[in-house]
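Undergrad: One file is attached below, query-v4.txt, containing compact mmCIF, C-alpha atoms.
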# COMPACT_ATOMS: atom_id res chain seq x y z
CA MET Q 1 28.99 39.16 -9.64
CA ASN Q 2 32.39 40.04 -10.96
CA GLU Q 3 32.51 39.25 -14.68
CA GLU Q 4 36.19 38.36 -14.64
CA LEU Q 5 35.56 35.89 -11.82
CA ASP Q 6 32.70 34.28 -13.77
CA SER Q 7 34.88 34.07 -16.83
CA GLN Q 8 37.54 32.33 -14.75
CA LEU Q 9 34.92 29.97 -13.36
CA SER Q 10 33.80 29.05 -16.87
CA ALA Q 11 37.40 28.41 -17.93
CA MET Q 12 38.05 26.38 -14.78
CA PHE Q 13 34.97 24.30 -15.45
CA ASP Q 14 36.48 23.41 -18.82
CA GLY Q 15 39.92 22.76 -17.29
CA GLU Q 16 41.36 25.68 -19.24
CA LEU Q 17 42.43 27.91 -16.36
CA PRO Q 18 46.13 28.18 -15.44
CA VAL Q 19 47.09 26.13 -12.38
CA ALA Q 20 47.85 29.10 -10.13
CA GLU Q 21 44.47 30.69 -10.85
CA CYS Q 22 42.80 27.31 -10.36
CA GLU Q 23 44.21 27.06 -6.84
CA LEU Q 24 42.83 30.45 -5.88
CA LEU Q 25 39.45 29.89 -7.48
CA ALA Q 26 39.11 26.39 -6.00
CA ARG Q 27 39.46 27.94 -2.56
CA ARG Q 28 36.80 30.51 -3.30
CA LEU Q 29 34.51 27.98 -4.99
CA SER Q 30 34.52 25.70 -1.97
CA ARG Q 31 33.24 28.55 0.26
CA ASP Q 32 31.07 30.70 -1.99
CA GLU Q 33 27.59 29.12 -2.31
CA GLN Q 34 26.54 31.43 -5.13
CA LEU Q 35 29.60 30.56 -7.14
CA LYS Q 36 29.01 26.88 -6.42
CA ALA Q 37 25.41 27.16 -7.65
CA ARG Q 38 26.61 28.78 -10.86
CA TRP Q 39 29.18 26.02 -11.26
CA GLY Q 40 26.39 23.47 -10.83
CA ARG Q 41 24.29 25.20 -13.48
CA TYR Q 42 27.21 25.06 -15.89
CA ALA Q 43 27.11 21.29 -15.39
CA VAL Q 44 23.36 21.29 -16.07
CA ILE Q 45 23.92 23.27 -19.29
CA GLY Q 46 26.50 20.72 -20.44
CA ALA Q 47 24.24 17.79 -19.59
CA SER Q 48 21.34 19.45 -21.45
CA ILE Q 49 23.41 20.08 -24.56
CA ARG Q 50 24.58 16.47 -24.51
CA ALA Q 51 20.95 15.43 -24.10
CA GLU Q 52 21.74 13.02 -21.32
CA ARG Q 53 18.47 11.16 -21.42
CA GLY Q 54 17.09 9.54 -18.32
CA VAL Q 55 19.25 11.71 -16.08
CA ARG Q 56 17.31 14.02 -13.81
CA LEU Q 57 18.96 17.39 -14.12
CA ASN Q 58 17.32 18.68 -10.97
CA ALA Q 59 18.33 15.66 -8.89
CA ASP Q 60 18.96 16.12 -5.20
CA LEU Q 61 22.19 14.16 -5.45
CA ALA Q 62 24.64 16.93 -4.57
CA ARG Q 63 22.71 17.85 -1.44
CA ARG Q 64 22.42 14.22 -0.35
CA VAL Q 65 26.12 13.57 -0.81
CA SER Q 66 26.97 16.79 0.97
CA SER Q 67 24.80 15.93 3.97
CA VAL Q 68 26.47 12.52 4.34
CA ILE Q 69 29.95 13.95 3.96
CA THR Q 70 29.32 16.63 6.57
CA LYS Q 71 28.90 13.85 9.13
CA GLU Q 72 32.00 12.01 7.94
CA PRO Q 73 35.28 12.39 9.82
CA ASN Q 74 37.70 14.74 8.10
CA ILE Q 75 39.99 12.92 5.72
CA ALA Q 76 42.79 15.44 6.13
CA VAL Q 77 44.30 13.51 9.06
CA ARG Q 78 44.43 10.28 7.10
CA TYR Q 79 45.81 12.14 4.09
CA VAL Q 80 48.59 13.71 6.14
CA GLU Q 81 49.44 10.34 7.72
CA ARG Q 82 49.54 8.73 4.32
CA GLN Q 83 51.75 11.46 2.92
CA ALA Q 84 54.11 11.07 5.87
CA ALA Q 85 54.23 7.30 5.38
CA ARG Q 86 54.92 7.82 1.69
CA ALA Q 87 57.71 10.28 2.45
CA ALA Q 88 59.18 7.90 5.03
CA SER Q 89 59.11 5.02 2.57
CA ARG Q 90 60.86 7.25 0.01
CA TRP Q 91 63.62 7.91 2.56
CA PHE Q 92 63.70 4.36 3.87
CA ARG Q 93 64.10 2.64 0.52
CA PRO Q 94 67.61 3.90 -0.38
CA VAL Q 95 68.79 3.42 3.20
CA ALA Q 96 67.47 -0.14 3.20
CA GLY Q 97 69.20 -0.69 -0.13
CA LEU Q 98 72.47 0.54 1.28
CA GLY Q 99 72.02 -1.70 4.31
CA VAL Q 100 71.46 -4.74 2.13
CA ALA Q 101 74.49 -3.85 -0.01
CA ALA Q 102 76.66 -3.42 3.09
CA GLY Q 103 75.41 -6.74 4.47
CA VAL Q 104 76.24 -8.55 1.25
CA ALA Q 105 79.69 -6.94 1.20
CA ALA Q 106 80.34 -7.94 4.83
CA LEU Q 107 79.24 -11.51 4.16
CA SER Q 108 81.48 -11.66 1.10
CA ILE Q 109 84.47 -10.48 3.11
CA LEU Q 110 83.77 -13.01 5.85
CA TRP Q 111 83.41 -15.76 3.29
CA MET Q 112 86.66 -14.79 1.59
CA ARG Q 113 88.43 -14.74 4.93
CA SER Q 114 87.11 -18.16 5.77
CA GLN Q 115 88.42 -19.41 2.43
CA ALA Q 116 91.85 -17.72 2.66
CA PRO Q 117 93.56 -19.90 5.38
CA GLY Q 118 92.82 -23.05 3.42
CA GLN Q 119 94.38 -21.61 0.29
CA THR Q 120 97.46 -20.53 2.22
CA ALA Q 121 97.76 -24.00 3.66
CA GLU Q 122 97.49 -25.51 0.20
CA LEU Q 123 100.20 -23.20 -1.09
CA ALA Q 124 102.35 -24.03 1.84
CA GLN Q 125 101.94 -27.71 1.07
CA VAL Q 126 102.83 -27.21 -2.59
CA ILE Q 127 106.07 -25.34 -1.85
CA PRO Q 128 106.79 -26.20 1.74
CA ASP Q 129 110.62 -25.98 1.57
CA ALA Q 130 111.08 -23.28 -1.01
CA PRO Q 131 111.98 -20.37 1.30
CA ALA Q 132 114.23 -22.56 3.38
CA ALA Q 133 116.04 -23.83 0.30
CA ALA Q 134 116.50 -20.32 -0.96
CA VAL Q 135 117.98 -19.24 2.33
CA ALA Q 136 120.15 -22.32 2.44
CA THR Q 137 121.62 -21.91 -1.03
CA SER Q 138 122.19 -18.18 -0.89
CA THR Q 139 125.71 -18.30 0.40
CA GLU Q 140 126.96 -15.71 -2.06
CA PRO Q 141 126.86 -12.04 -1.08
CA ASP Q 142 124.00 -9.91 -2.30
CA SER Q 143 124.64 -8.45 -5.70
CA TYR Q 144 122.85 -6.55 -8.44
CA VAL Q 145 120.67 -8.86 -10.49
CA VAL Q 146 119.30 -7.81 -13.82
CA PRO Q 147 115.73 -9.05 -14.13
CA ARG Q 148 115.14 -11.76 -16.63
CA PRO Q 149 113.64 -10.30 -19.78
CA SER Q 150 110.00 -10.91 -20.52
CA PRO Q 151 109.41 -13.25 -23.43
CA ARG Q 152 106.74 -10.85 -24.73
CA LEU Q 153 107.65 -8.92 -27.81
CA SER Q 154 107.24 -5.18 -27.50
CA LEU Q 155 104.75 -3.53 -29.81
CA VAL Q 156 107.08 -0.66 -30.65
CA PRO Q 157 110.83 -1.22 -31.01
CA ALA Q 158 112.64 0.07 -27.96
CA THR Q 159 115.06 2.09 -30.08
CA GLN Q 160 112.19 4.12 -31.46
CA LEU Q 161 110.87 4.72 -27.98
CA ALA Q 162 114.36 5.70 -26.81
CA ASN Q 163 114.66 8.16 -29.67
CA TYR Q 164 111.28 9.57 -28.76
CA VAL Q 165 112.31 10.04 -25.14
CA VAL Q 166 115.58 11.68 -26.12
CA ALA Q 167 113.79 13.99 -28.54
CA HIS Q 168 111.42 15.05 -25.81
CA SER Q 169 113.99 15.04 -23.04
CA GLU Q 170 113.45 18.68 -22.24
CA PHE Q 171 110.05 17.74 -20.76
CA SER Q 172 111.37 15.10 -18.37
CA SER Q 173 113.65 15.17 -15.36
CA PRO Q 174 117.18 13.75 -15.75
CA VAL Q 175 116.52 10.91 -13.30
CA ALA Q 176 113.33 9.83 -15.06
CA ARG Q 177 115.08 10.07 -18.41
CA ARG Q 178 117.94 7.91 -17.23
CA ASN Q 179 115.57 5.30 -15.81
CA LEU Q 180 113.57 5.17 -18.99
CA LEU Q 181 116.63 4.86 -21.20
CA SER Q 182 118.11 2.08 -19.11
CA ALA Q 183 114.75 0.32 -19.16
CA PHE Q 184 114.60 0.59 -22.95
CA MET Q 185 118.12 -0.70 -23.31
CA THR Q 186 117.26 -3.63 -21.10
CA GLY Q 187 114.07 -4.25 -23.00
CA GLU Q 188 115.77 -4.02 -26.41
CA THR Q 189 118.47 -6.49 -25.53
CA GLY Q 190 116.07 -8.65 -23.62
CA THR Q 191 113.71 -8.82 -26.50
CA ALA Q 192 116.48 -9.74 -28.85
CA GLY Q 193 117.69 -12.27 -26.38
CA ALA Q 194 114.27 -13.74 -25.98
CA SER Q 195 113.78 -13.91 -29.72
CA ASN Q 196 117.08 -15.78 -30.00
CA GLY Q 197 116.13 -17.98 -27.15
CA SER Q 198 119.41 -17.14 -25.40
CA GLU Q 199 119.66 -17.53 -21.66
CA GLU Q 200 122.70 -15.27 -21.59
CA ALA Q 201 120.94 -12.10 -22.60
CA SER Q 202 120.89 -10.75 -19.10
CA GLU Q 203 124.60 -11.29 -18.76
CA ASN Q 204 125.24 -9.17 -21.87
CA VAL Q 205 123.16 -6.35 -20.55
CA TYR Q 206 124.98 -6.49 -17.30
CA ASP Q 207 128.24 -6.19 -19.18
CA ASP Q 208 126.97 -3.32 -21.30
CA ALA Q 209 125.77 -1.54 -18.25
CA LYS Q 210 129.14 -1.92 -16.63
CA ASN Q 211 131.04 -0.80 -19.76
CA PRO Q 212 128.92 1.67 -21.67
CA MET U 1 45.73 21.99 -20.05
CA SER U 2 42.90 19.63 -19.15
CA ALA U 3 40.07 19.13 -16.70
CA ASP U 4 42.59 17.30 -14.53
CA VAL U 5 44.16 20.58 -13.46
CA SER U 6 40.99 22.13 -12.08
CA ASP U 7 39.79 18.84 -10.65
CA LEU U 8 43.12 18.27 -9.00
CA SER U 9 42.97 21.72 -7.37
CA LEU U 10 39.62 20.78 -5.87
CA VAL U 11 40.80 17.30 -4.91
CA ARG U 12 43.84 18.69 -3.09
CA ARG U 13 41.57 21.03 -1.15
CA VAL U 14 39.37 18.12 -0.10
CA GLN U 15 42.42 16.12 0.91
CA ARG U 16 43.48 19.02 3.10
CA GLY U 17 40.11 18.95 4.83
CA ASP U 18 37.96 21.34 2.77
CA LYS U 19 34.72 19.41 2.38
CA GLY U 20 33.11 22.25 0.41
CA ALA U 21 35.45 21.58 -2.50
CA PHE U 22 33.97 18.08 -2.80
CA ASP U 23 30.54 19.63 -3.43
CA ALA U 24 31.96 21.27 -6.54
CA LEU U 25 33.22 17.91 -7.79
CA VAL U 26 29.84 16.31 -7.15
CA LEU U 27 28.02 19.14 -8.92
CA LYS U 28 30.31 18.83 -11.90
CA TYR U 29 30.13 15.06 -12.33
CA GLN U 30 26.75 14.01 -10.92
CA HIS U 31 24.98 13.86 -14.29
CA LYS U 32 27.80 12.02 -15.99
CA LEU U 33 27.97 9.51 -13.18
CA VAL U 34 24.22 8.90 -13.06
CA LYS U 35 24.20 8.38 -16.80
CA LEU U 36 27.11 5.95 -16.49
CA VAL U 37 25.36 3.96 -13.76
CA MET U 38 22.17 3.87 -15.83
CA ARG U 39 23.95 1.53 -18.19
CA TYR U 40 23.63 -1.04 -15.40
CA VAL U 41 20.33 -0.14 -13.74
CA ARG U 42 17.24 1.16 -15.48
CA ASN U 43 15.65 3.11 -12.71
CA PRO U 44 16.93 6.72 -12.49
CA ALA U 45 16.29 6.86 -8.75
CA GLU U 46 18.29 3.70 -8.21
CA ALA U 47 21.03 5.02 -10.45
CA GLU U 48 21.15 8.16 -8.31
CA ASP U 49 21.45 6.06 -5.16
CA ILE U 50 24.36 4.13 -6.65
CA ALA U 51 25.99 7.35 -7.86
CA GLN U 52 25.60 8.79 -4.36
CA GLU U 53 27.25 5.71 -2.89
CA ALA U 54 30.06 6.03 -5.42
CA PHE U 55 30.66 9.66 -4.48
CA ILE U 56 30.77 8.80 -0.77
CA LYS U 57 33.15 5.91 -1.41
CA ALA U 58 35.31 8.25 -3.48
CA TYR U 59 35.35 10.79 -0.65
CA ARG U 60 36.45 8.15 1.85
CA ALA U 61 39.12 6.87 -0.51
CA LEU U 62 40.46 10.32 -1.42
CA PRO U 63 43.46 10.10 0.96
CA GLN U 64 44.72 7.29 -1.28
CA PHE U 65 44.17 9.24 -4.49
CA ARG U 66 47.57 10.34 -5.73
CA GLY U 67 46.53 12.10 -8.90
CA ASP U 68 48.30 9.64 -11.22
CA SER U 69 45.08 9.35 -13.21
CA ALA U 70 42.36 11.91 -13.82
CA PHE U 71 39.89 12.29 -10.98
CA TYR U 72 36.95 11.40 -13.20
CA THR U 73 38.63 8.22 -14.45
CA TRP U 74 39.16 7.17 -10.86
CA LEU U 75 35.60 8.10 -9.91
CA TYR U 76 34.34 6.24 -12.99
CA ARG U 77 35.96 3.01 -11.78
CA ILE U 78 34.43 3.38 -8.33
CA ALA U 79 30.98 4.00 -9.85
CA ILE U 80 31.25 1.02 -12.19
CA ASN U 81 32.21 -1.26 -9.28
CA SER U 82 29.38 0.14 -7.15
CA ALA U 83 26.90 -0.44 -9.96
CA LYS U 84 28.09 -4.00 -10.52
CA ASN U 85 27.93 -4.77 -6.81
CA ALA U 86 24.44 -3.30 -6.60
CA VAL U 87 23.28 -5.38 -9.53
CA VAL U 88 24.76 -8.56 -8.09
CA SER U 89 23.41 -7.94 -4.61
CA ARG U 90 19.92 -7.27 -5.95
CA ASP U 91 20.15 -10.29 -8.17
CA ARG U 92 19.35 -8.47 -11.34
CA SER U 93 20.86 -8.82 -14.73
CA PRO U 94 22.69 -5.79 -15.97
CA ILE U 95 21.64 -4.30 -19.25
CA ASP U 96 23.80 -6.15 -21.74
CA TYR U 97 25.34 -3.18 -23.45
CA ASP U 98 28.63 -3.36 -25.19
CA LEU U 99 30.52 -0.92 -23.03
CA ASP U 100 33.53 0.88 -24.30
CA ARG U 101 35.67 0.76 -21.17
CA ASN U 102 38.43 2.81 -22.69
CA ASN U 103 36.09 5.73 -23.07
CA PRO U 104 34.71 6.79 -19.72
CA ASP U 105 32.69 9.53 -21.34
CA GLU U 106 29.26 8.86 -22.63
CA SER U 107 28.90 7.39 -26.04
CA TYR U 108 26.03 9.08 -27.76
CA ASP U 109 24.79 6.03 -29.56
CA MET U 110 23.73 4.80 -26.14
CA GLN U 111 21.05 7.42 -25.98
CA GLY U 112 18.73 5.62 -28.35
CA ARG U 113 18.91 2.49 -26.24
CA MET U 114 17.99 4.18 -22.97
CA LYS U 115 14.59 3.43 -21.65
CA ASP U 116 12.42 6.38 -20.79
CA SER U 117 9.43 4.31 -19.82
CA GLU U 118 10.03 4.76 -16.11
CA THR U 119 9.64 8.50 -15.87
CA PRO U 120 9.58 9.98 -12.38
CA GLU U 121 8.29 13.45 -11.85
CA GLY U 122 11.83 14.76 -11.90
CA LEU U 123 12.10 14.01 -15.56
CA VAL U 124 9.26 16.38 -16.33
CA LEU U 125 11.25 19.19 -14.78
CA THR U 126 14.32 17.90 -16.53
CA ASP U 127 12.50 18.25 -19.83
CA GLU U 128 11.66 21.81 -18.93
CA ILE U 129 15.30 22.53 -18.15
CA ARG U 130 16.40 20.92 -21.35
CA SER U 131 13.94 22.83 -23.51
CA THR U 132 14.96 26.07 -21.81
CA VAL U 133 18.62 25.39 -22.52
CA ASN U 134 17.88 24.45 -26.12
CA ALA U 135 15.83 27.61 -26.63
CA ALA U 136 18.61 29.71 -25.11
CA ILE U 137 21.17 28.08 -27.40
CA GLU U 138 19.02 28.76 -30.43
CA ALA U 139 18.82 32.41 -29.45
CA LEU U 140 22.59 32.76 -29.22
CA PRO U 141 24.63 34.52 -31.91
CA GLU U 142 26.21 31.93 -34.16
CA ASP U 143 29.81 32.37 -32.97
CA LEU U 144 28.78 31.86 -29.33
CA ARG U 145 26.56 28.88 -30.21
CA THR U 146 29.30 27.21 -32.23
CA ALA U 147 31.84 27.71 -29.45
CA ILE U 148 29.64 26.26 -26.67
CA VAL U 149 28.46 23.33 -28.80
CA LEU U 150 31.99 22.44 -29.87
CA ARG U 151 33.00 22.52 -26.24
CA GLU U 152 30.09 20.70 -24.61
CA LEU U 153 28.99 18.34 -27.36
CA GLU U 154 32.24 17.60 -29.13
CA GLY U 155 34.45 17.99 -26.07
CA LEU U 156 37.06 20.05 -27.92
CA SER U 157 39.70 22.01 -26.04
CA TYR U 158 39.88 25.79 -26.35
CA GLU U 159 42.89 25.43 -28.61
CA GLU U 160 41.06 23.05 -30.93
CA ILE U 161 38.03 25.33 -31.02
CA ALA U 162 40.28 28.30 -31.78
CA ALA U 163 41.75 26.38 -34.70
CA ALA U 164 38.31 25.35 -35.92
CA MET U 165 36.87 28.86 -35.65
CA ASP U 166 40.06 30.58 -36.76
CA CYS U 167 40.27 32.92 -33.78
CA PRO U 168 42.52 33.37 -30.74
CA VAL U 169 42.15 31.11 -27.69
CA GLY U 170 41.21 34.14 -25.58
CA THR U 171 38.27 34.83 -27.89
CA VAL U 172 37.11 31.23 -27.51
CA ARG U 173 37.24 31.52 -23.74
CA SER U 174 35.23 34.74 -23.89
CA ARG U 175 32.66 33.28 -26.32
CA ILE U 176 32.09 30.18 -24.23
CA PHE U 177 31.73 32.27 -21.10
CA ARG U 178 29.24 34.64 -22.75
CA ALA U 179 27.25 31.72 -24.14
CA ARG U 180 27.07 30.14 -20.69
CA GLU U 181 26.04 33.42 -19.12
CA ALA U 182 23.22 33.86 -21.63
CA ILE U 183 21.95 30.31 -21.09
CA ASP U 184 22.38 30.60 -17.33
CA ARG U 185 20.20 33.71 -17.20
CA ARG U 186 17.32 31.75 -18.76
CA LEU U 187 18.03 28.74 -16.62
CA ARG U 188 17.96 30.71 -13.40
CA GLU U 189 14.48 31.91 -14.26
CA VAL U 190 13.35 28.29 -14.55
CA PHE U 191 15.08 27.26 -11.35
CA GLU U 192 13.81 30.22 -9.38
CA GLY U 193 10.31 29.94 -10.79
CA GLY U 194 9.69 26.24 -10.92
CA LEU U 195 12.29 24.31 -9.04
CA GLY U 196 12.39 26.12 -5.74
CA ARG U 197 15.75 25.34 -4.15
CA ALA U 198 17.30 24.34 -7.42
CA GLU U 199 19.59 27.37 -7.08
CA GLU U 200 21.44 25.54 -4.34
CA LEU U 201 21.49 22.27 -6.18
CA GLY U 202 22.65 23.47 -9.53
As C-alpha cells, how would this structure be written, given the file I've shared?
TA:
Amino acid sequence: MNEELDSQLSAMFDGELPVAECELLARRLSRDEQLKARWGRYAVIGASIRAERGVRLNADLARRVSSVITKEPNIAVRYVERQAARAASRWFRPVAGLGVAAGVAALSILWMRSQAPGQTAELAQVIPDAPAAAVATSTEPDSYVVPRPSPRLSLVPATQLANYVVAHSEFSSPVARRNLLSAFMTGETGTAGASNGSEEASENVYDDAKNP
Amino acid sequence: MSADVSDLSLVRRVQRGDKGAFDALVLKYQHKLVKLVMRYVRNPAEAEDIAQEAFIKAYRALPQFRGDSAFYTWLYRIAINSAKNAVVSRDRSPIDYDLDRNNPDESYDMQGRMKDSETPEGLVLTDEIRSTVNAAIEALPEDLRTAIVLRELEGLSYEEIAAAMDCPVGTVRSRIFRAREAIDRRLREVFEGGLGRAEELG
C-alpha cells in the first residue's frame, strides 16, 4: 500500500490531517476495505495501549452494526429534507419579522387615525370662533408684519455673528448674505427689546428697516 | 486541528448516503463506547449489545446532527442514555461509579474497579492482542515509542508532542505513523493466524 496514503490515514485517525485531505481520504476510506481494516487496527492499537480492560478487542461489533445499517433506509433523503427545511426557516425568519413589523406599523397608523378626528374636534371646541374672528377683524389691508421677537436670548451676540458673516461674505451669495444680515439685525433688536420687556421693539425694527 | 475534523468528514459522507463511512466511525469508537457502557453493565457481551444499539440509534439520528458538538460527544450521550434505559428496563442497579460527565474519555482510575471475573472467550484473544501490541511497543526505537504513547495514552496533539519532544510537527506525524506501522505488522500476524476474519473487523 502507498506509504503516503497510510501516513495520511494515521494522521486522519488522530484528527491531524488538513480538512481538504480529510474529505478525499474519507471518500476513499468508506470504499476501500483494506484501508478500513487498517483503520480498525489503529483503533485496536490505541485501545491496547490504553489497556481498556474488559473490552473485547476482537469484538464483532463493527460487522453487526454494518449488517443492520445495510438494511436501513438511506438517511440522505431525510438529511436533504432537513437541510432544505433549515434553509427555508433561515429565509422565512427575516421575512416573517418584516411582516410583523409592517403589521405593527399599519396598526399604529390606523390607531393614530382613529384618534386624530377626536383631537381635531377637541381643538375646534377650544377655539371654535378664532378663524372667524380673525377674518372679521382684519379690515385693514395686508401689510408687512415684522415677526415678534423670540424671548429666548441668543447664545452668541448677533453683532458678532453679523461681523462673521460680513468677514466671510465672499463665500456666500448676495441674497443669502442680505437675508442673514437682516435676520441678525432683527434678532439683535428683538433680543434687546425682549430683555427690556418692551412691546415696541418690532416697531423700531420696522422703522430701521424703512430708514437704514 | 482535532478529531472533529476527520470525524466530521466521515459524518458528512454518511449524511450524504455513504453508509461505508459509518463503518469507519464504528471501527474507531467501538472500544471506547463499549468501555463507556461497561460502567453501567458488567457483562462485556451486554455492553457490546448496548453499544451496537447506540451506534444504530446514532446512525438513524445523523440527519439531525449539525456538527455543533464533536461527533464522539454526541455519540457518548446516546450511549449513556441507551445504557441507562437498558439498566432500567432490565431492572438492574447500575454500578455506582462516580462518573465524570464532563470528560467523555475514559478515566484510567476506573480500570482498577472493572470486574474481569466474567471472562468470555473473546477476552483470551484480547489478551493475546494486547500482549502482542505491548511487545511491539517495547521493540520500538525510543523516539517512536514516546511519540505513540504520548498520543494514545496521554492524548496529546501533534503540536504538543512536538513541543515535548523538541522536534517539528512533521517529524511527530512520521514517528507516530512508523510506530503504528511496526505494531500493525505484528498485529496482522496475530489476526491472520489466530483470529480468522479479524482483518475485516479491525
Undergrad: Please provide as a count of residues only all residues within 9 Å of Phe13 (chain Q), with the sequence filter that same-chain residues fewer than 4 positions apart are discarded (counting only C-alpha atoms).
TA: 10
Undergrad: Using all atoms listed in the file, determine which residues lie at most 9 Å from Asp184 (chain U), disregarding the query and same-chain residues fewer than 4 positions distant; provide the list as a VMD selection string.
TA: (chain Q and resid 38 41 to 42 45) or (chain U and resid 133 136 179 to 180 188 to 189)
Undergrad: Between U:Val88, U:Ala162, U:Ile183, U:Val190, which one has atoms that come closest to chain Q, using all atoms listed in the file?
TA: U:Ile183
Undergrad: So that I can see what lies close to Gln52 (chain U), please list as a list of chain:residue names the residues with an atom at most 8 Å from it, counting only C-alpha atoms and leaving out residues fewer than 2 positions away in the same chain.
TA: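 The residues that qualify are Q:Leu61, Q:Arg64, Q:Val65, U:Glu48, U:Asp49, U:Ile50, U:Ala54, U:Phe55, U:Ile56.
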Undergrad: Nearest residue to Val41 (chain U) out of U:Tyr29, U:Arg66, U:Arg12, U:Asn85, using all atoms listed in the file?
TA: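 With all atoms listed in the file as the atom set, the closest residue is U:Asn85.
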Undergrad: Would you work out the distance separating CA of Gly155 (chain U) from CA of Ser30 (chain Q), expressed in Å to one decimal?
TA: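 If I compute the distance from CA of Gly155 (chain U) to CA of Ser30 (chain Q), I get 25.3 Å.
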Undergrad: In Å, how far is it from CA of Trp111 (chain Q) to CA of Gly97 (chain Q)?
TA: 21.0 Å
Undergrad: Counting all atoms listed in the file, what is within 10 Å of Glu53 (chain U), bar same-chain residues fewer than 6 positions away, as a PyMOL selection string?
TA: (chain Q and resi 65+68) or (chain U and resi 47+59+78-79+82-83)
Undergrad: Please dump the current selection as a PDB file, in the frame of the given file; keep C-alpha atoms.
TA:
ATOM      1  CA  VAL Q  65      26.120  13.570  -0.810  1.00  0.00           C
ATOM      2  CA  VAL Q  68      26.470  12.520   4.340  1.00  0.00           C
TER       3      VAL Q  68
ATOM      4  CA  ALA U  47      21.030   5.020 -10.450  1.00  0.00           C
ATOM      5  CA  TYR U  59      35.350  10.790  -0.650  1.00  0.00           C
ATOM      6  CA  ILE U  78      34.430   3.380  -8.330  1.00  0.00           C
ATOM      7  CA  ALA U  79      30.980   4.000  -9.850  1.00  0.00           C
ATOM      8  CA  SER U  82      29.380   0.140  -7.150  1.00  0.00           C
ATOM      9  CA  ALA U  83      26.900  -0.440  -9.960  1.00  0.00           C
TER      10      ALA U  83
END
Undergrad: Which residue out of U:Val14, U:Ala135, U:Ala21, U:Val87 has the minimum interatomic distance to chain Q when only C-alpha atoms are used?
TA: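 Closest candidate: U:Ala21.
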Undergrad: Around the point (44.2, 27.9, -8.0) (coordinates from the file), which residues reach within 10 Å if we count only C-alpha atoms? Answer as a PyMOL selection string.
TA: (chain Q and resi 12+17-28) or (chain U and resi 5-6+8-10)
Undergrad: Separation of CA of Gln64 (chain U) and CA of Arg86 (chain Q), in Å?
TA: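 These two atoms are separated by 10.6 Å.
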Undergrad: Name the residues in contact with Glu138 (chain U) at a cut-off of 12 Å, using only C-alpha atoms, excluding same-chain residues fewer than 5 positions from it; report them as a ChimeraX atom specification.
TA: /Q:49 /U:131-133,143-146,148-149,179,182-183
Undergrad: Compare U:Arg173, U:Arg39, U:Lys84, U:Lys57 by their minimum atom-to-atom distance to chain Q, counting all atoms listed in the file, and give me the closest one.
TA: U:Arg173
